[in-house]
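**Student:** So here's final_26.tsv (TSV, C-alpha atoms).
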chain	number	residue	atom	x	y	z
I	70	MET	CA	137.88	90.41	82.06
I	71	PRO	CA	140.59	92.95	82.94
I	72	GLU	CA	143.43	91.40	84.88
I	73	PHE	CA	143.16	93.64	87.94
I	74	PHE	CA	139.56	92.51	88.24
I	75	THR	CA	140.34	88.79	88.28
I	76	ASN	CA	143.24	89.59	90.63
I	77	ILE	CA	140.76	90.94	93.20
I	78	GLY	CA	139.01	87.58	93.04
I	79	THR	CA	142.26	85.71	93.60
I	80	LEU	CA	143.15	88.04	96.47
I	81	ILE	CA	139.86	87.44	98.32
I	82	SER	CA	139.80	83.74	97.53
I	83	GLY	CA	140.98	81.78	100.58
I	84	SER	CA	141.27	84.92	102.72
I	85	PHE	CA	139.50	85.54	106.04
I	86	LEU	CA	136.92	87.55	104.07
I	87	GLN	CA	135.87	84.44	102.19
I	88	ASP	CA	135.96	82.32	105.35
I	89	GLY	CA	133.77	84.82	107.21
I	90	ALA	CA	131.25	85.19	104.40
I	91	LEU	CA	131.00	81.43	103.80
I	92	TRP	CA	130.67	80.76	107.53
I	93	THR	CA	127.76	83.23	107.79
I	94	LEU	CA	126.05	81.97	104.61
I	95	THR	CA	126.17	78.35	105.76
I	96	ASN	CA	125.63	78.66	109.51
I	97	VAL	CA	122.98	81.34	109.96
I	98	PRO	CA	119.63	79.62	109.21
I	99	GLY	CA	117.97	81.07	106.09
I	100	PHE	CA	120.77	83.62	105.63
I	101	PRO	CA	121.12	83.43	101.81
I	102	PRO	CA	117.45	84.19	100.95
I	103	ILE	CA	117.20	86.73	103.81
I	104	ILE	CA	120.26	88.71	102.74
I	105	GLN	CA	119.18	88.48	99.07
I	106	SER	CA	115.81	89.95	100.05
I	107	VAL	CA	117.59	92.76	101.90
I	108	HIS	CA	119.52	93.35	98.66
I	109	ILE	CA	116.28	93.49	96.63
I	110	LEU	CA	114.71	95.82	99.21
I	111	GLY	CA	117.70	98.09	98.62
I	112	ILE	CA	116.92	97.98	94.90
I	113	ALA	CA	113.32	98.90	95.77
I	114	VAL	CA	114.58	102.00	97.61
I	115	VAL	CA	116.73	102.90	94.59
I	116	MET	CA	113.56	102.61	92.46
I	117	GLY	CA	111.58	104.75	94.93
I	118	SER	CA	114.29	107.42	95.12
I	119	VAL	CA	116.67	108.00	92.22
I	120	VAL	CA	114.56	106.24	89.55
I	121	MET	CA	111.46	108.20	90.67
I	122	LEU	CA	113.57	111.37	90.49
I	123	ASP	CA	114.65	110.46	86.93
I	124	LEU	CA	111.01	109.83	85.98
I	125	ARG	CA	110.02	113.18	87.54
I	126	ILE	CA	112.75	115.06	85.64
I	127	LEU	CA	111.54	113.40	82.42
I	128	GLY	CA	108.02	114.63	83.21
I	129	LEU	CA	106.63	111.11	83.58
I	130	ALA	CA	105.87	110.87	87.31
I	131	VAL	CA	104.89	112.80	90.47
I	132	PRO	CA	104.19	116.16	88.72
I	133	SER	CA	103.31	117.91	92.01
I	134	GLN	CA	106.80	117.34	93.45
I	135	LYS	CA	109.57	119.85	92.91
I	136	ILE	CA	112.87	118.48	91.53
I	137	SER	CA	115.17	120.25	93.99
I	138	GLU	CA	112.97	119.26	96.93
I	139	MET	CA	112.92	115.64	95.71
I	140	ILE	CA	116.72	115.55	95.47
I	141	GLU	CA	117.12	116.83	99.04
I	142	ARG	CA	114.46	114.48	100.42
I	143	LEU	CA	115.14	111.30	98.45
I	144	MET	CA	118.90	111.15	97.92
I	145	PRO	CA	119.67	110.29	101.58
I	146	PHE	CA	117.39	107.22	101.18
I	147	MET	CA	119.31	106.29	98.05
I	148	TRP	CA	122.75	106.59	99.69
I	149	TRP	CA	121.66	104.46	102.65
I	150	ALA	CA	120.19	101.84	100.32
I	151	LEU	CA	123.41	101.81	98.33
I	152	ALA	CA	125.50	101.33	101.49
I	153	SER	CA	123.16	98.54	102.59
I	154	ASN	CA	123.46	96.86	99.19
I	155	PHE	CA	127.26	97.03	99.31
I	156	VAL	CA	127.11	95.13	102.61
I	157	SER	CA	124.45	92.59	101.54
I	158	GLY	CA	126.19	92.07	98.19
I	159	ALA	CA	129.59	91.64	99.86
I	160	PHE	CA	128.51	88.39	101.53
I	161	PHE	CA	128.03	86.77	98.13
I	162	LEU	CA	131.02	88.50	96.54
I	163	PHE	CA	133.38	87.40	99.33
I	164	GLY	CA	131.78	83.97	99.65
I	165	ARG	CA	132.54	82.99	96.04
I	166	PRO	CA	134.90	85.72	94.74
I	167	ASN	CA	135.82	83.95	91.51
I	168	ARG	CA	132.18	83.49	90.57
I	169	TYR	CA	131.98	87.31	90.39
I	170	PHE	CA	135.42	88.63	89.52
I	171	ASN	CA	135.79	86.09	86.70
I	172	ASN	CA	132.24	86.66	85.49
I	173	PRO	CA	131.82	89.11	82.57
I	174	VAL	CA	128.20	89.81	83.62
I	175	PHE	CA	129.42	91.05	87.01
I	176	GLY	CA	131.87	93.20	85.06
I	177	TRP	CA	128.89	94.64	83.14
I	178	LYS	CA	127.06	95.31	86.40
I	179	VAL	CA	130.01	97.25	87.84
I	180	SER	CA	130.44	99.24	84.63
I	181	PHE	CA	126.77	100.28	84.77
I	182	LEU	CA	126.85	100.91	88.52
I	183	ILE	CA	129.84	103.28	88.65
I	184	PRO	CA	128.46	105.87	86.18
I	185	ALA	CA	124.98	105.51	87.76
I	186	ILE	CA	126.42	106.40	91.17
I	187	LEU	CA	128.48	109.27	89.73
I	188	ILE	CA	125.38	110.73	88.05
I	189	ALA	CA	123.39	110.52	91.30
I	190	LEU	CA	126.27	112.24	93.09
I	191	PHE	CA	126.39	114.90	90.39
I	192	PHE	CA	122.64	115.56	90.67
I	193	HIS	CA	122.95	115.82	94.43
I	194	ILE	CA	126.09	118.00	94.57
I	195	MET	CA	124.99	120.45	91.88
I	196	SER	CA	121.56	120.95	93.43
I	197	ARG	CA	123.34	122.11	96.59
I	198	THR	CA	125.36	124.81	94.82
I	199	GLU	CA	122.33	126.92	93.98
I	200	GLU	CA	118.65	127.11	94.89
I	201	SER	CA	116.58	125.10	92.33
I	202	TYR	CA	119.77	124.41	90.33
I	203	TRP	CA	118.19	121.92	87.90
I	204	GLU	CA	115.03	123.97	87.29
I	205	LEU	CA	116.57	127.42	87.01
I	206	ASN	CA	116.32	127.77	83.24
I	207	SER	CA	115.47	125.64	80.23
I	208	THR	CA	119.13	124.79	79.49
I	209	ARG	CA	119.55	123.31	82.97
I	210	LEU	CA	116.26	121.46	82.71
I	211	TRP	CA	117.15	119.95	79.33
I	212	ALA	CA	120.57	118.97	80.66
I	213	ALA	CA	118.86	117.32	83.61
I	214	ARG	CA	116.51	115.44	81.24
I	215	GLY	CA	119.42	114.18	79.17
I	216	ILE	CA	121.23	112.97	82.28
I	217	ALA	CA	118.05	111.50	83.78
I	218	ILE	CA	117.37	109.27	80.78
I	219	VAL	CA	120.95	107.91	80.99
I	220	SER	CA	120.61	107.41	84.75
I	221	LEU	CA	117.30	105.58	84.31
I	222	GLY	CA	118.78	103.24	81.71
I	223	LEU	CA	121.85	102.60	83.85
I	224	TRP	CA	119.86	101.65	86.99
I	225	VAL	CA	117.64	99.29	84.99
I	226	MET	CA	120.76	97.69	83.51
I	227	VAL	CA	122.41	97.42	86.95
I	228	ALA	CA	119.41	95.43	88.23
I	229	MET	CA	119.21	93.37	85.01
I	230	ALA	CA	122.92	92.55	85.00
I	231	GLY	CA	122.72	91.71	88.70
I	232	ARG	CA	120.10	89.06	88.01
I	233	TRP	CA	121.98	87.76	84.95
I	234	ILE	CA	125.19	87.11	86.94
I	235	ALA	CA	123.69	83.72	87.71
I	236	TYR	CA	122.95	83.10	84.03
I	237	ALA	CA	126.26	84.10	82.45
I	238	GLU	CA	126.39	80.81	80.54
I	239	TYR	CA	123.18	81.75	78.67
I	240	LEU	CA	125.02	84.75	77.24
I	241	TYR	CA	128.55	83.44	76.83
I	242	PHE	CA	127.97	79.76	76.10
I	243	PRO	CA	124.65	79.70	74.18
I	244	ALA	CA	123.14	76.37	73.18
S	9	MET	CA	89.80	70.01	98.89
S	10	ILE	CA	92.68	72.47	98.74
S	11	SER	CA	95.09	69.56	98.88
S	12	ASN	CA	93.38	67.98	95.85
S	13	PHE	CA	93.61	71.29	94.03
S	14	LEU	CA	97.34	71.62	94.78
S	15	ARG	CA	98.05	67.99	93.88
S	16	SER	CA	95.95	68.02	90.72
S	17	PRO	CA	97.71	66.51	87.67
S	18	LYS	CA	96.50	69.60	85.78
S	19	TRP	CA	99.60	71.45	87.07
S	20	ILE	CA	101.78	68.96	85.22
S	21	ASP	CA	99.77	69.72	82.08
S	22	VAL	CA	100.56	73.41	82.61
S	23	GLU	CA	104.27	72.59	82.77
S	24	ASN	CA	103.91	70.75	79.46
S	25	TRP	CA	102.36	73.62	77.56
S	26	PRO	CA	104.64	74.49	74.62
S	27	ILE	CA	105.07	78.02	76.01
S	28	SER	CA	106.24	76.62	79.36
S	29	TRP	CA	108.90	74.58	77.60
S	30	GLU	CA	109.88	77.58	75.50
S	31	ILE	CA	110.38	79.80	78.56
S	32	GLY	CA	111.97	77.18	80.81
S	33	GLY	CA	114.48	75.97	78.27
S	34	THR	CA	115.72	79.29	76.90
S	35	SER	CA	117.06	82.63	78.06
S	36	TRP	CA	113.42	83.76	78.25
S	37	PHE	CA	113.48	82.55	81.86
S	38	PRO	CA	116.30	84.79	83.15
S	39	PHE	CA	114.92	87.62	81.01
S	40	LEU	CA	111.47	87.35	82.65
S	41	GLU	CA	113.13	86.94	86.03
S	42	SER	CA	115.14	90.15	85.72
S	43	ILE	CA	112.07	92.09	84.57
S	44	HIS	CA	110.20	90.56	87.53
S	45	VAL	CA	112.87	91.85	89.97
S	46	ILE	CA	112.77	95.37	88.50
S	47	ALA	CA	108.95	95.47	88.49
S	48	ALA	CA	108.73	94.08	92.04
S	49	ALA	CA	111.29	96.64	93.23
S	50	MET	CA	109.16	99.34	91.58
S	51	VAL	CA	105.99	98.06	93.30
S	52	VAL	CA	107.69	98.15	96.70
S	53	GLY	CA	109.64	101.36	96.01
S	54	SER	CA	106.50	103.32	95.12
S	55	ILE	CA	104.33	101.81	97.88
S	56	LEU	CA	107.12	102.48	100.37
S	57	MET	CA	106.88	106.22	99.66
S	58	VAL	CA	103.15	106.23	100.38
S	59	ASP	CA	103.56	104.03	103.50
S	60	LEU	CA	106.25	106.28	104.98
S	61	ARG	CA	103.94	109.25	104.44
S	62	LEU	CA	101.07	107.41	106.17
S	63	LEU	CA	103.43	106.79	109.09
S	64	GLY	CA	104.35	110.47	109.17
S	65	LEU	CA	108.02	109.66	108.50
S	66	ALA	CA	108.58	111.24	105.07
S	67	ALA	CA	107.20	113.65	102.45
S	68	LYS	CA	105.01	115.36	105.07
S	69	ARG	CA	104.74	118.52	102.94
S	70	TYR	CA	102.59	116.60	100.41
S	71	PRO	CA	98.94	115.69	101.05
S	72	ILE	CA	98.35	111.94	101.28
S	73	THR	CA	95.80	112.11	98.46
S	74	THR	CA	98.32	113.78	96.11
S	75	LEU	CA	101.03	111.23	96.88
S	76	SER	CA	98.76	108.25	96.44
S	77	LYS	CA	97.16	109.68	93.29
S	78	GLU	CA	100.61	110.12	91.72
S	79	LEU	CA	102.34	107.00	93.04
S	80	VAL	CA	99.73	104.23	93.20
S	81	PRO	CA	99.41	104.06	89.36
S	82	TRP	CA	103.15	103.23	89.26
S	83	SER	CA	102.61	100.51	91.86
S	84	THR	CA	99.67	99.12	89.89
S	85	GLY	CA	101.45	99.23	86.54
S	86	ALA	CA	104.57	97.58	87.96
S	87	PHE	CA	102.38	95.00	89.70
S	88	VAL	CA	100.77	94.05	86.38
S	89	ILE	CA	104.22	93.57	84.81
S	90	ALA	CA	105.40	91.57	87.84
S	91	THR	CA	102.28	89.38	87.61
S	92	ILE	CA	102.71	88.67	83.89
S	93	THR	CA	106.43	87.87	84.24
S	94	GLY	CA	105.67	85.88	87.43
S	95	ILE	CA	103.07	83.74	85.66
S	96	GLY	CA	105.56	83.21	82.84
S	97	MET	CA	108.04	81.74	85.32
S	98	PHE	CA	105.38	79.90	87.34
S	99	ILE	CA	104.11	77.81	84.41
S	100	THR	CA	107.58	76.34	83.81
S	101	ARG	CA	107.40	74.53	87.19
S	102	ALA	CA	103.73	74.89	88.14
S	103	ALA	CA	103.34	71.52	89.90
S	104	SER	CA	106.31	72.03	92.22
S	105	HIS	CA	105.56	75.72	92.86
S	106	VAL	CA	102.02	75.10	94.13
S	107	LEU	CA	103.44	72.66	96.70
S	108	ASN	CA	106.42	74.87	97.59
S	109	PRO	CA	105.83	76.35	101.11
S	110	ALA	CA	107.69	79.55	100.15
S	111	PHE	CA	105.43	80.01	97.13
S	112	GLN	CA	102.33	79.33	99.27
S	113	TRP	CA	103.52	81.94	101.79
S	114	LYS	CA	104.14	84.40	98.98
S	115	ILE	CA	100.57	84.07	97.67
S	116	PHE	CA	99.16	84.24	101.21
S	117	LEU	CA	101.12	87.42	102.00
S	118	LEU	CA	100.12	88.92	98.63
S	119	VAL	CA	96.45	88.34	99.47
S	120	LEU	CA	96.96	89.96	102.90
S	121	ALA	CA	98.78	92.93	101.34
S	122	GLY	CA	95.92	93.30	98.85
S	123	ALA	CA	93.30	93.09	101.63
S	124	ASN	CA	95.24	95.69	103.63
S	125	MET	CA	95.26	98.04	100.61
S	126	ALA	CA	91.57	97.43	99.91
S	127	TYR	CA	90.66	98.13	103.55
S	128	PHE	CA	92.62	101.38	103.43
S	129	HIS	CA	91.18	102.42	100.11
S	130	PHE	CA	87.52	101.56	100.65
S	131	LYS	CA	87.21	102.11	104.40
S	132	MET	CA	89.82	104.57	105.74
S	133	TYR	CA	89.99	106.72	102.61
S	134	LYS	CA	86.45	108.00	103.28
S	135	GLN	CA	87.81	110.12	106.15
S	136	VAL	CA	91.05	111.07	104.37
S	137	ALA	CA	90.08	114.76	104.41
S	138	ASP	CA	90.53	114.77	108.22
S	139	TRP	CA	94.24	113.85	108.06
S	140	ASP	CA	95.19	114.45	104.42
S	141	THR	CA	97.60	117.30	105.11
S	142	SER	CA	98.46	116.71	108.77
S	143	ASP	CA	101.86	115.36	109.86
S	144	THR	CA	100.40	112.69	112.10
S	145	THR	CA	97.69	110.29	111.06
S	146	PRO	CA	95.26	108.23	113.19
S	147	THR	CA	96.74	105.10	114.81
S	148	GLN	CA	94.70	102.86	112.51
S	149	VAL	CA	96.21	104.51	109.42
S	150	LYS	CA	99.71	104.10	110.89
S	151	LEU	CA	98.99	100.42	111.53
S	152	ILE	CA	97.89	99.96	107.92
S	153	GLY	CA	101.03	101.75	106.69
S	154	SER	CA	103.37	99.58	108.76
S	155	ALA	CA	101.43	96.39	107.92
S	156	SER	CA	101.88	97.27	104.25
S	157	LEU	CA	105.66	97.69	104.71
S	158	PHE	CA	106.03	94.34	106.48
S	159	LEU	CA	103.69	92.46	104.14
S	160	TRP	CA	105.46	93.63	100.97
S	161	ALA	CA	108.88	92.90	102.50
S	162	GLY	CA	107.47	89.46	103.38
S	163	VAL	CA	106.26	88.94	99.81
S	164	MET	CA	109.79	89.68	98.59
S	165	LEU	CA	111.41	87.40	101.15
S	166	ALA	CA	109.03	84.54	100.38
S	167	GLY	CA	109.47	85.14	96.65
S	168	ARG	CA	113.25	85.01	96.93
S	169	TRP	CA	112.92	81.89	99.09
S	170	VAL	CA	110.97	80.08	96.35
S	171	GLY	CA	114.17	79.65	94.37
S	172	HIS	CA	115.99	78.16	97.36
S	173	ILE	CA	113.43	75.37	97.81
S	174	VAL	CA	112.63	74.24	94.26
Take the structure in the file and write it out as structure tokens.

**Tutor:**
Amino acid sequence: MPEFFTNIGTLISGSFLQDGALWTLTNVPGFPPIIQSVHILGIAVVMGSVVMLDLRILGLAVPSQKISEMIERLMPFMWWALASNFVSGAFFLFGRPNRYFNNPVFGWKVSFLIPAILIALFFHIMSRTEESYWELNSTRLWAARGIAIVSLGLWVMVAMAGRWIAYAEYLYFPA
Amino acid sequence: MISNFLRSPKWIDVENWPISWEIGGTSWFPFLESIHVIAAAMVVGSILMVDLRLLGLAAKRYPITTLSKELVPWSTGAFVIATITGIGMFITRAASHVLNPAFQWKIFLLVLAGANMAYFHFKMYKQVADWDTSDTTPTQVKLIGSASLFLWAGVMLAGRWVGHIV
């Protein structure tokens, strides 16, 4: 793990952030499974928005929907879900910072998440520069397909890595 | 009778199948679990889009029939994957899962969500032409759409809770 990453863990550890997160996780009845479900619901919205968009661009889903219209309509859902998942995830991250910032699987998750977010942003920003930006000609459409397949893979890996954070020993200390 | 079924020693036999041991004792378990999360998120993500349309909250430019024709196959396909991976995890601890209140709730809510979908599909869908393209739908359709949202969110919550009880 890069040093700055583990340093974040050390910084949060013992701070009011950890105290607050741990207090909430232990004192609000049912809080851990509830906030985890909120986190998974956020993933569901990511699946219903940006992943559906990727599948549409690849010609695999919702053929009657127009790409530019989908971007305008679905991306706001995706940004709200992402914000919600930052908050729901933060409770666990702050509660046990070293479990995450010293965990290579969490490192994997972050390294999949950052490019996935940047790609979504790129799709969204470019589609605002010009009417039907991604469908204008075949070069644009092929570019969009290339990006969409990367985006799709990244989001699947983000969710996978997220679940494997709890199983890091299976990967790093095999039987 | 149901208590006898849930307490049957057969569930222990299920846990002792070679495949149950293989999954439970290896990285097959987290692998199935992560596929389960992705498939479940896909089920809810695709159903959510249809439900929000039924409620008149999103995608109003598309007819309900078009949306459900294009999205429900994704829900169904993802549901099949979630069921297969779910059974794979279930058999590793079958005897404790059947007695786990969170697991019982999950199955109960799944049945309700299925009944809700069946009612919509076989009963309400007959009159779909009346509100297929309109922004607002009849109250009954809105109720079905919101019931679907809450039931699937409940299935997720109960499913996540299973791991906190076992």

**Student:** Would you give me, as JSON lines, each residue of chain I having an atom within 6 Å of an atom of chain S, along with its shortest atom pair and that distance in Å to one decimal, using all atoms listed in the file and sorting by chain and residue number?

**Tutor:**
{"residue": "I:Pro102", "atom": "CA", "partner": "S:Trp169", "partner_atom": "CA", "distance": 5.4}
{"residue": "I:Ser106", "atom": "CA", "partner": "S:Leu165", "partner_atom": "CA", "distance": 5.2}
{"residue": "I:Ala113", "atom": "CA", "partner": "S:Ala49", "partner_atom": "CA", "distance": 4.0}
{"residue": "I:Val114", "atom": "CA", "partner": "S:Gly53", "partner_atom": "CA", "distance": 5.2}
{"residue": "I:Met116", "atom": "CA", "partner": "S:Gly53", "partner_atom": "CA", "distance": 5.4}
{"residue": "I:Gly117", "atom": "CA", "partner": "S:Gly53", "partner_atom": "CA", "distance": 4.1}
{"residue": "I:Val131", "atom": "CA", "partner": "S:Glu78", "partner_atom": "CA", "distance": 5.2}
{"residue": "I:Met229", "atom": "CA", "partner": "S:Ser42", "partner_atom": "CA", "distance": 5.2}
{"residue": "I:Arg232", "atom": "CA", "partner": "S:Ser42", "partner_atom": "CA", "distance": 5.6}

**Student:** Calculate how many Å separate CA of Ala185 in chain I from CA of Ser82 in chain I, rounding to one decimal.

**Tutor:**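 Between CA of Ala185 in chain I and CA of Ser82 in chain I the gap is 28.1 Å.
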
**Student:** Quick one: residues within 8 Å of range 188-191 of chain I, only C-alpha atoms, excluding same-chain residues fewer than 2 positions away - as a list in words?

**Tutor:**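 Contacts, with the query itself left out: Val119, Pro184, Ala185, Ile186, His193, Ile194, Met195, Ile216 and Ser220 of chain I.
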
**Student:** Taking only C-alpha atoms into account, which of S:Ser142, S:Ser11, S:Ser16, S:Ser28 comes nearest Arg101 in chain S?

**Tutor:**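 Among the listed residues, S:Ser28 lies closest to Arg101 in chain S.
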
**Student:** Given all atoms listed in the file as the basis, pick out the residue of S:Trp25, S:Lys68, S:Leu60, S:Ile173 nearest to Val106 in chain S.

**Tutor:**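 Of the candidates, the smallest distance to Val106 in chain S is held by S:Ile173.
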